[in-house]
Structures are given as structure tokens and as C-alpha cells.
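Below is one structure, written out as C-alpha cells, with a few remarks after it.
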Amino acid sequence: MNYTFNFTPVWQNWPLLLEGLALGLGLAVLSIAIGSIAGLVLAFCATGKHPALRALAFGYVSIVRNLPILVIVLFIFFGLPQLGLAFDKSTSFVLALSLYAAAYMTEVFRAGLLGVPPGISEAGQAIGLTPLSIKYYVVLPVMLRNAMPAFANNFVSLFKDTSLAAAIAVPELTFYAQKINSESFRVLEVWSVTAALYIATCYLISLLLRGLESRLRL
Amino acid sequence: MNASHRVLALASTCLALSSLSCQAYADKLDEVLERGEIVIGTGTANPPWHFTQNGETVGFDADIGHLLAKGLFNDPSKVRFVNQSSDARIPNLLTGNVDLSCQAMTVTAARAQQVEFTIPYYREGVGLLMRAGGDYGDFDALAQAGSEVTVAVLQNVYAEEMVHKALPEAKVDQYQSQDMIYQALNSRRADAVATDLSTLRWYLQQNPNRYVDAGYAWMPQSYSCAVAPGDQRWLNFLNTTLFEAKHGVEFDAYAQAFEKWFGETPPAPRPGFPSP
Amino acid sequence: MDLELSYFLSEIVANRGMLLQGAWTTVSVSALAIASGTLLGMLIGLALAYASAPLRWPARLYVDLIRGTPVLVLVLATYYMSTPLGLPLTPFQAGAVALCLFCASHVAEIWRGALQALPIGQLEAGRAIGLTFPRICLYVLFPQAMRLAMPTWVTAAAEMVKASTLLSVIGVAELLLTSQQIISNNFLNLQFYFLAGAIYFAINFCIDMLGKYLSRHLEGAGKPRSPV
């Protein structure tokens, strides 16, 4: 193998790579925030008593979790304009990732809710709290604590999914990596640095969320 | 001839032989001739340049390959096409996987530091493709619309710069495959596609009545074959063959391929003064 | 809003050969990746659970590095890096390798978790009756760990089918790329992406059902002993 490493094209484009990484993180945080709210609502539906709401939550989760995220992204970006629904590329991607995240977060929160001992809601009732305040003050904190490890895992994997935004021309990290490759041909260098950036970011995210988790612990 | 002379002669013959065999090893032309076929790296999904039809690689790049095979073996079929992604064009040369890359490769000074280019076999430019009956009728309408216009383009480092040379205010969306830029145009994600004139003509021809050419072309650039650096004899051979295809004895074959893929007849070479 | 349903149906019929071919490529590349990735992952998982440090650390490094990389980057890097590394792979091969590496990293974690969930007494009991470590694995640990790992493994298998869509980016004509090629001829974006989604859903739904069936079947073979 007569290949000499040359990282110059990578360092020359370093600001672009960081810019792409920042955009990917932004897209992930926004989508996960939206997805978590939707997931929380769906998780309460899934564990609630209303059969129609339960069916809705289970139906949503089982359909969306069995769809490839790339198909959802392309459907929203290239398919929906046919119905007159044209969002710009970043909005389309956030919409797609939020829908996807909602399904995963529903499962995360549902498992968290199932882990809440029924006794504490009853205790809440006993001290005269309304059903809504029981959910907010009693069930939610315990559930969040239960759900944290799974939430962190899903956060990382949803962040990694932002690499797919490159497919619809959103200039995130993978997009810039491909772009630099197209001119410099320094394939080994560009991909190893790109992977390293993703790995480091995922590691930092897990570290942060683990820190948060230990704070939430009683 | 005395003994010492004989020893000297023997030694020099040995030296000559060893340098010859060494040269034979480094000489791509001999290697290719001995092998009996030329190995050309090209792609499979970029009509009219190189694409697969009934399992065979066809297109203008493929025809250039056949021209070179004819020059080498007097048999245009003695060529083996190796499918490579466009990112692999340079690495495959440097590792010796292919004898040359012939894959719609734009000549740039940066690339010329890594590989050596033959003389150009095509002059490419950029044009704009729009939906027929779309919001904009021609290039002037696009230019006047300013930042209202979105142009889809194949991803590369100079993509934005390239579009802005023609439409300074247009929004530029970069996609990763040719399929995707047309999809952007069809789904009204983009008002125009900026792409190579050759590809644009091919696409117009394949989808009659669906698209229009905006009627403006810019950014001329050269397409050349590339070889691994440091083998002047191989490069000379290729240059000679290409030059005579464009301007000499093999012009008919070159012109036939040109017409087939671009729908245009190249200017015929004239006898007399040897201007290219 | 006009969905051109009859045109859509006629286009499905006209392109049925391509669609079937694409779906077959999706299924075969996924199956290949799942099978090879599972074997590799079980070895790595075993190292994570039981091996001494010199073997455990490389295994841990592998899992953490691969799991920190997006599959798309894995696919692109495997494809584009294979040539300069002196081992040029076709898009299909590169895609299968990338998915296998990805699958192995997931299976390794699942397998480690399952093995470590088994009571340590199982291993000791095996040793006490004089079984060698490979035999303990084969007869004592693996059957129980498989039962524990089955549900998560099925989820991972479905993830592989979903991840196989990323091979479209390097030009493997699996179901998604096939759909895009069809779309570039008939311009039915919405309809054919919807169809692709429906087919992926159907494939994964089958995997899901199979997993449920297997879980029930394994449970029937004897309840896992839960530590009290």
C-alpha cells in the first residue's frame, strides 16, 4: 500500500466540519425536544385507561419504529410537496426526526411509567392531590429517573441519525465530509476525522446525560 | 577483445539488461500490451458519460476507452472497465488498480499535483434545466427573480460559487446524486437544476417535453483521462492516440461517438496547416 | 390534490420486477449482515463478559467506536476507504461489511448483557462438574442467554433492515434506490416513497412476528430462572 497520509485538506476545512457538527447537534436537540414532548403524551396514552388512545399510541409506535428514517425524510421532503405541503429542507428534516424520535421516546417513557410503583400515586391521592398534579409532581419525577438511561441511549442514536440530513442537502457534518472528499480525494483522512468527531460528540453527550442522571438520582 | 574488455562488456550487458527489465516493469505501455487488454476505471451511473446498459458499460467515456483499445491492439473490444466511484478515481490510479481513469474528470491544478492528465477529450460547460411550463420561462426570468430562485446542484466544493457566477442571488441546494437533483426539480424543491451541459442535453433527450434548457451556459472546463504520475511514455502514447482521434486518422470514430452521446457534430479537421 | 391512483397502480405493475429485485436485495443484504454480525457480535460479547483485560479492552474499544459512528458514515467510509486500503469492494460488499460491523457492535452489547444477567452460579456449577469453558458456554450459558437476548436481538435485526436503506447512497440497488430510480421515470414521488415505506414496514412486521413466535417457543422450553 503506497499511500501517504495528508491531513491538510481536513485542517483547511476544519471550521466547515465544526459548523456542520454544530448544525447536526442543533437539529438533534430540537427534534428530540419535540419528539420527547410528543412521546410523553403518547406514553401517558399508552399506559392510560382509554382504549382508543392506547391503540393510537401503540399503532403510532409500531408503524414509525418499523420505518427507515431515510424513507421518512425523503417522503416528507420530496413527497409531501405533491400535496402542497412544502417545508424547507431543515424544517423537513426536523419534522421527520421529531416524528421518529416521538416513537422511540414513547417507548422510553412508557417503560419509565411502568416502573413507577402504583403505591406512590395512591399516596398522592391520599393527601388529596388532583389527578393532574399527581402526574406532574409525583409520577413524572419518578418516571424521568427511571427513563434516563434509555433516554440517553436514544438521544445518542437520534443524534447519529442527523447524518441523514445530508441526503436532502442540509449542510451538516457528513455533508461537508462528502464535499471535501469530492475535491481533495483524501478519503482516509476525511472519513477518519469525521468518524472521530461523531464518536467524541456521542461520548460527550452520554457523559453529560450520565451526569444529569446521577443528579436526578435520590 | 581481451579478457578485461570481455568482463566489462558482460558487466555492461548485465547492467543494460537489468535496467531494461526494471524499465519493462515500470513501463505501463509494455505492461498493457503484454496483458492484451487495457483496464480503465470509470463509473456506472452518469449518462451520457458512463453507465450500464444490458450489463455493459457504455457512454462517451466508454467510447474513448474503445478508441484507446483500438490504438493499442487494433481491436476496440480489448478493454476492461472497472467500476469505481468518483472518489476512487485518484486512489485507484495511485494503487495501480487501473491503467487509467476515464470518468468525466475535470482538469484542475490541484488534481494535476496528484495525477497526470492527458490532453482534453471534451470541453464541458454548465447549463440550467427547468420544468417545462414552470414559473420561469428562460434564463432572464430566473436572473430577474434573484433570491426567489432555488437551484439544485450536485455536491462539490465549488458548487455554490459556480451557480452564483450565473445567478448571483439564487439559493443553492447541494445533493449527493444526479437522481436527487432531478427529484428536487420534479418535486418543485428547486426551480432549476445546474448541471453539465452534456448531462443536461442527455436528460432533455430522454424526457421529451418535460423540461427546457434555460439557454445559458458558462464555466467552460476540460475533461481528460488521468494516469498515475511518472510514466511519460504511457502518457505520450495516450496523448498521441487522443490527439489523432480528435484531429487525425481516427476522427470518424471520435465524431461518431460525439454525435451519439451529445447530439452534435464536432468540427471536422482540415488538411494543410496542422492547427488543432 | 390528485393522487393519480390508477397511474400509480399501473406503474407498480409495470415496475414489479424491479421492485421485487430491490426488495430481494434489501432482504439478502440484511440477512447477510444480521447472520455475520450476530456471530461476530456473540464472540465480542463473550469477550466483553468473560475475557481477561488484553482481550476485553479491544472488544470494548470496537463496540464504543462503532456505536459512536453513524451508520451512514460507516457505510460511506467502508466504501470509499476500501480502495486506498488496497481492498476494493463493490458497493454491495462494502454495504454488507458496514452493516455487519454495525450489527456486531449491537449484538455484542446485547450478548454481554444477557450473559452477565445469568447468575454466576451457573458458570461455577459447570466448572464443578468438570466441563471445559467452551462446553459450559454451549450447554449451560448460551441457551439461557439466548432466551434473555431474543427480544432485543429481534429489535436489532429490524434496525438492520432499516439501516440497509443507507446503502442506496453508495449505489446498491436495494428497495429505496430502486424506488428512486422508478420515481425518476414517472415522477410519482409521494406514492412510491409511501410504497417503499409500506414494504419496509411489512418486512419488519414479519421479523417482529417471527421474534414473538421464537420468544414464546423458547419460553415453552423452560422458564428462565429468575434470581430471587
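Naming works like this for the C-alpha cells: A, B, ... for the chains as they're shown, residue 1 at the start of each chain, ligands 1 onward in shown order.
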
Env of Gly59 of chain B: 10 Å cut, atoms = only C-alpha atoms, seq-sep filter 3 positions within chain, self excluded. Answer as a VMD selection string.
chain B and resid 44 46 to 53 56 62 to 65 257 to 258 260 to 261

Dump as a PyMOL selection string the residues of chain A that approach chain B to within 10 Å, counting only C-alpha atoms.
chain A and resi 1-3+77-82+86-89+166-171+175-176+178-187

So, with only C-alpha atoms as the atoms that count, which of B:Glu264, B:Glu160, B:Asp138, B:Asp179 lies closest to chain C?
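So, comparing all the options, the nearest one is B:Asp179.
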
Using only C-alpha atoms, what does the table of chain C residues within 12 Å of chain B look like, with each row giving the shortest atom pair and its distance in Å to one decimal, sorted by chain and ascending number, as a tab-separated table?
residue	atom	partner	partner_atom	distance
C:Leu76	CA	B:Asp87	CA	10.7
C:Ala77	CA	B:Asp87	CA	11.2
C:Tyr79	CA	B:Ser85	CA	9.0
C:Tyr80	CA	B:Asp87	CA	6.9
C:Met81	CA	B:Ala88	CA	8.8
C:Ser82	CA	B:Ala88	CA	9.4
C:Thr83	CA	B:Asn92	CA	6.6
C:Pro84	CA	B:Pro91	CA	5.5
C:Leu85	CA	B:Thr95	CA	9.0
C:Gly86	CA	B:Thr95	CA	7.2
C:Leu87	CA	B:Asn97	CA	10.0
C:Pro88	CA	B:Asn92	CA	8.7
C:Leu89	CA	B:Gln84	CA	9.5
C:Thr90	CA	B:Asn83	CA	8.2
C:Pro91	CA	B:Ser85	CA	9.1
C:Ser168	CA	B:Ser177	CA	10.3
C:Val169	CA	B:Gln176	CA	7.9
C:Ile170	CA	B:Ser85	CA	8.4
C:Gly171	CA	B:Ala45	CA	8.6
C:Val172	CA	B:Ala45	CA	11.4
C:Ala173	CA	B:Ala45	CA	11.5
C:Leu177	CA	B:Asp179	CA	9.6
C:Thr178	CA	B:Asp179	CA	11.2
C:Ser179	CA	B:Asp179	CA	11.1
C:Gln180	CA	B:Asp179	CA	7.4
C:Gln181	CA	B:Asp179	CA	7.4
C:Ile182	CA	B:Asp179	CA	10.3
C:Ile183	CA	B:Gln183	CA	7.9
C:Ser184	CA	B:Gln183	CA	6.6
C:Asn185	CA	B:Asn207	CA	8.5
C:Asn186	CA	B:Asn186	CA	10.0
C:Phe187	CA	B:Asn186	CA	6.7
C:Leu188	CA	B:Ser187	CA	9.1
C:Asn189	CA	B:Ser187	CA	7.3
C:Leu190	CA	B:Ser187	CA	9.2

Take the residues from that selection and put them in a file with N, CA and C atoms, as an mmCIF file, in the first residue's frame.
data_model
loop_
_atom_site.group_PDB
_atom_site.id
_atom_site.type_symbol
_atom_site.label_atom_id
_atom_site.label_comp_id
_atom_site.auth_asym_id
_atom_site.auth_seq_id
_atom_site.Cartn_x
_atom_site.Cartn_y
_atom_site.Cartn_z
ATOM 1 N N LEU C 76 -20.368 4.920 4.147
ATOM 2 C CA LEU C 76 -19.572 5.730 3.222
ATOM 3 C C LEU C 76 -18.086 5.456 3.416
ATOM 4 N N ALA C 77 -17.666 5.396 4.680
ATOM 5 C CA ALA C 77 -16.241 5.201 4.955
ATOM 6 C C ALA C 77 -15.786 3.830 4.474
ATOM 7 N N TYR C 79 -17.003 2.035 2.095
ATOM 8 C CA TYR C 79 -16.978 2.003 0.636
ATOM 9 C C TYR C 79 -15.784 2.792 0.084
ATOM 10 N N TYR C 80 -15.652 4.033 0.522
ATOM 11 C CA TYR C 80 -14.628 4.885 -0.074
ATOM 12 C C TYR C 80 -13.222 4.557 0.428
ATOM 13 N N MET C 81 -13.115 4.036 1.649
ATOM 14 C CA MET C 81 -11.784 3.756 2.175
ATOM 15 C C MET C 81 -11.249 2.416 1.690
ATOM 16 N N SER C 82 -12.135 1.553 1.197
ATOM 17 C CA SER C 82 -11.675 0.213 0.826
ATOM 18 C C SER C 82 -10.640 0.283 -0.299
ATOM 19 N N THR C 83 -10.808 1.212 -1.224
ATOM 20 C CA THR C 83 -9.871 1.283 -2.348
ATOM 21 C C THR C 83 -8.471 1.712 -1.910
ATOM 22 N N PRO C 84 -8.325 2.872 -1.239
ATOM 23 C CA PRO C 84 -6.967 3.228 -0.816
ATOM 24 C C PRO C 84 -6.374 2.228 0.169
ATOM 25 N N LEU C 85 -7.205 1.464 0.862
ATOM 26 C CA LEU C 85 -6.663 0.464 1.778
ATOM 27 C C LEU C 85 -6.232 -0.789 1.031
ATOM 28 N N GLY C 86 -6.391 -0.778 -0.300
ATOM 29 C CA GLY C 86 -5.882 -1.885 -1.097
ATOM 30 C C GLY C 86 -6.817 -3.073 -1.182
ATOM 31 N N LEU C 87 -8.103 -2.866 -0.818
ATOM 32 C CA LEU C 87 -9.051 -3.972 -0.878
ATOM 33 C C LEU C 87 -10.364 -3.457 -1.480
ATOM 34 N N PRO C 88 -10.339 -3.153 -2.783
ATOM 35 C CA PRO C 88 -11.521 -2.520 -3.361
ATOM 36 C C PRO C 88 -12.761 -3.409 -3.257
ATOM 37 N N LEU C 89 -13.814 -2.853 -2.687
ATOM 38 C CA LEU C 89 -15.053 -3.601 -2.517
ATOM 39 C C LEU C 89 -16.114 -3.042 -3.453
ATOM 40 N N THR C 90 -17.000 -3.910 -3.940
ATOM 41 C CA THR C 90 -18.138 -3.408 -4.707
ATOM 42 C C THR C 90 -19.088 -2.739 -3.718
ATOM 43 N N PRO C 91 -20.003 -1.897 -4.210
ATOM 44 C CA PRO C 91 -20.940 -1.264 -3.285
ATOM 45 C C PRO C 91 -21.680 -2.284 -2.415
ATOM 46 N N SER C 168 -28.338 2.783 -0.341
ATOM 47 C CA SER C 168 -28.753 3.476 -1.567
ATOM 48 C C SER C 168 -27.778 4.602 -1.894
ATOM 49 N N VAL C 169 -27.176 5.180 -0.852
ATOM 50 C CA VAL C 169 -26.284 6.318 -1.056
ATOM 51 C C VAL C 169 -25.003 5.921 -1.802
ATOM 52 N N ILE C 170 -24.553 4.663 -1.631
ATOM 53 C CA ILE C 170 -23.349 4.250 -2.362
ATOM 54 C C ILE C 170 -23.714 3.448 -3.618
ATOM 55 N N GLY C 171 -24.996 3.462 -3.987
ATOM 56 C CA GLY C 171 -25.373 2.882 -5.272
ATOM 57 C C GLY C 171 -25.742 1.411 -5.261
ATOM 58 N N VAL C 172 -26.085 0.850 -4.079
ATOM 59 C CA VAL C 172 -26.604 -0.519 -4.065
ATOM 60 C C VAL C 172 -28.094 -0.438 -4.405
ATOM 61 N N ALA C 173 -28.506 -1.162 -5.440
ATOM 62 C CA ALA C 173 -29.900 -1.033 -5.888
ATOM 63 C C ALA C 173 -30.822 -1.844 -4.991
ATOM 64 N N LEU C 177 -33.253 2.659 -3.345
ATOM 65 C CA LEU C 177 -32.669 3.190 -4.580
ATOM 66 C C LEU C 177 -33.525 2.790 -5.774
ATOM 67 N N THR C 178 -34.037 1.564 -5.762
ATOM 68 C CA THR C 178 -34.923 1.126 -6.835
ATOM 69 C C THR C 178 -36.138 2.044 -6.920
ATOM 70 N N SER C 179 -36.719 2.368 -5.765
ATOM 71 C CA SER C 179 -37.876 3.270 -5.763
ATOM 72 C C SER C 179 -37.493 4.615 -6.349
ATOM 73 N N GLN C 180 -36.295 5.105 -5.986
ATOM 74 C CA GLN C 180 -35.874 6.410 -6.501
ATOM 75 C C GLN C 180 -35.672 6.369 -8.006
ATOM 76 N N GLN C 181 -35.148 5.229 -8.485
ATOM 77 C CA GLN C 181 -34.965 5.107 -9.934
ATOM 78 C C GLN C 181 -36.315 5.100 -10.635
ATOM 79 N N ILE C 182 -37.285 4.415 -10.037
ATOM 80 C CA ILE C 182 -38.628 4.394 -10.634
ATOM 81 C C ILE C 182 -39.221 5.797 -10.622
ATOM 82 N N ILE C 183 -39.025 6.499 -9.480
ATOM 83 C CA ILE C 183 -39.551 7.860 -9.356
ATOM 84 C C ILE C 183 -38.951 8.779 -10.425
ATOM 85 N N SER C 184 -37.662 8.561 -10.740
ATOM 86 C CA SER C 184 -37.039 9.470 -11.710
ATOM 87 C C SER C 184 -37.623 9.253 -13.112
ATOM 88 N N ASN C 185 -38.356 8.160 -13.316
ATOM 89 C CA ASN C 185 -39.017 7.970 -14.603
ATOM 90 C C ASN C 185 -40.467 8.430 -14.611
ATOM 91 N N ASN C 186 -41.166 8.211 -13.476
ATOM 92 C CA ASN C 186 -42.606 8.515 -13.512
ATOM 93 C C ASN C 186 -43.010 9.687 -12.623
ATOM 94 N N PHE C 187 -42.083 10.225 -11.864
ATOM 95 C CA PHE C 187 -42.310 11.429 -11.055
ATOM 96 C C PHE C 187 -43.390 11.264 -9.994
ATOM 97 N N LEU C 188 -43.673 10.017 -9.597
ATOM 98 C CA LEU C 188 -44.660 9.795 -8.532
ATOM 99 C C LEU C 188 -43.937 9.699 -7.189
ATOM 100 N N ASN C 189 -43.361 10.833 -6.727
ATOM 101 C CA ASN C 189 -42.549 10.830 -5.502
ATOM 102 C C ASN C 189 -43.315 10.291 -4.314
ATOM 103 N N LEU C 190 -44.442 10.972 -4.029
ATOM 104 C CA LEU C 190 -45.227 10.669 -2.837
ATOM 105 C C LEU C 190 -45.614 9.196 -2.817
#

Which parts of segment 60-100 of chain B does DSSP call alpha helix (DSSP H) when run on the backbone here, written out as a list in words?
Phe60, Asp61, Ala62, Asp63, Ile64, Gly65, His66, Leu67, Leu68, Ala69, Lys70, Gly71, Leu72, Phe73, Arg89, Ile90, Pro91, Asn92, Leu93 and Leu94 of chain B

Restrict the distance test to only C-alpha atoms, flag each residue of chain A within 8 Å of chain C, and return the flagged residues as a count of residues only.
36

May I ask which of the residues B:Cys225, B:Val151, B:Ile40, B:Ala194 is the closest one to Gly127 of chain B, counting only C-alpha atoms?
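With only C-alpha atoms as the atom set, the closest residue is B:Ala194.
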
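Here the question is which of A:Gly26, A:Gly20, A:Pro9, A:Gly35 gets nearest to Asn154 of chain A using only C-alpha atoms, and that residue is A:Gly35.
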
Non-local contacts of Thr150 of chain B (6 Å; only C-alpha atoms; under 5 positions in same chain excluded) as a ChimeraX atom specification:
/B:170-172,190-191

Can I get the selection written as an mmCIF file, in the first residue's frame, with all heavy atoms?
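The resulting part01.cif:
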data_model
loop_
_atom_site.group_PDB
_atom_site.id
_atom_site.type_symbol
_atom_site.label_atom_id
_atom_site.label_comp_id
_atom_site.auth_asym_id
_atom_site.auth_seq_id
_atom_site.Cartn_x
_atom_site.Cartn_y
_atom_site.Cartn_z
ATOM 1 N N ALA B 170 -29.211 33.521 -6.275
ATOM 2 C CA ALA B 170 -30.016 32.310 -6.140
ATOM 3 C C ALA B 170 -29.620 31.497 -4.926
ATOM 4 O O ALA B 170 -28.467 31.494 -4.509
ATOM 5 C CB ALA B 170 -29.882 31.465 -7.400
ATOM 6 N N LYS B 171 -30.610 30.808 -4.331
ATOM 7 C CA LYS B 171 -30.312 29.856 -3.253
ATOM 8 C C LYS B 171 -29.800 28.573 -3.899
ATOM 9 O O LYS B 171 -30.284 28.157 -4.944
ATOM 10 C CB LYS B 171 -31.569 29.561 -2.442
ATOM 11 C CG LYS B 171 -31.964 30.702 -1.518
ATOM 12 C CD LYS B 171 -32.924 30.238 -0.447
ATOM 13 C CE LYS B 171 -34.357 30.172 -0.930
ATOM 14 N NZ LYS B 171 -35.006 31.456 -1.151
ATOM 15 N N VAL B 172 -28.813 27.948 -3.246
ATOM 16 C CA VAL B 172 -28.202 26.750 -3.828
ATOM 17 C C VAL B 172 -28.400 25.563 -2.886
ATOM 18 O O VAL B 172 -28.048 25.636 -1.715
ATOM 19 C CB VAL B 172 -26.690 26.965 -4.053
ATOM 20 C CG1 VAL B 172 -26.058 25.715 -4.658
ATOM 21 C CG2 VAL B 172 -26.462 28.168 -4.955
ATOM 22 N N ALA B 190 -36.775 22.710 -6.301
ATOM 23 C CA ALA B 190 -35.844 23.612 -6.967
ATOM 24 C C ALA B 190 -36.513 24.126 -8.230
ATOM 25 O O ALA B 190 -37.357 23.451 -8.820
ATOM 26 C CB ALA B 190 -34.559 22.880 -7.313
ATOM 27 N N ASP B 191 -36.150 25.362 -8.626
ATOM 28 C CA ASP B 191 -36.712 25.927 -9.848
ATOM 29 C C ASP B 191 -35.872 25.550 -11.055
ATOM 30 O O ASP B 191 -36.359 25.551 -12.177
ATOM 31 C CB ASP B 191 -36.773 27.449 -9.730
ATOM 32 C CG ASP B 191 -37.583 27.858 -8.526
ATOM 33 O OD1 ASP B 191 -38.772 27.521 -8.491
ATOM 34 O OD2 ASP B 191 -37.013 28.480 -7.606
#

Could you pull the residues within 8 Å of Ile38 of chain B, counting only C-alpha atoms, minus those fewer than 6 positions along the same chain, as an NGL selection string?
:B and (32 or 69 or 78-80 or 99)

How about saving the chosen residues, C-alpha atoms kept, as a PDB file, in the first residue's frame?
ATOM      1  CA  VAL B  32      -0.751  -3.241 -21.087  1.00  0.00           C
ATOM      2  CA  ALA B  69      -8.025  -0.109 -27.127  1.00  0.00           C
ATOM      3  CA  LYS B  78      -9.891  -5.236 -25.760  1.00  0.00           C
ATOM      4  CA  VAL B  79     -10.863  -3.092 -22.809  1.00  0.00           C
ATOM      5  CA  ARG B  80     -11.984  -3.998 -19.304  1.00  0.00           C
ATOM      6  CA  ASP B  99      -4.248   1.745 -16.123  1.00  0.00           C
TER       7      ASP B  99
END

One number please: atom CA of Tyr223 of chain B to atom CA of Thr199 of chain B, in Å, one decimal.
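For atom CA of Tyr223 of chain B relative to atom CA of Thr199 of chain B, the distance reads 13.6 Å.
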
When you draw a straight line from atom CA of Glu250 of chain B to atom CA of Val126 of chain B, how long is it in Å?
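Atom-to-atom, atom CA of Glu250 of chain B and atom CA of Val126 of chain B are spaced 28.2 Å apart.
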
What does the distance from atom CA of Ser206 of chain A to atom CA of Ala101 of chain A come to in Å, to one decimal?
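Atom CA of Ala101 of chain A lies at a distance of 17.1 Å from atom CA of Ser206 of chain A.
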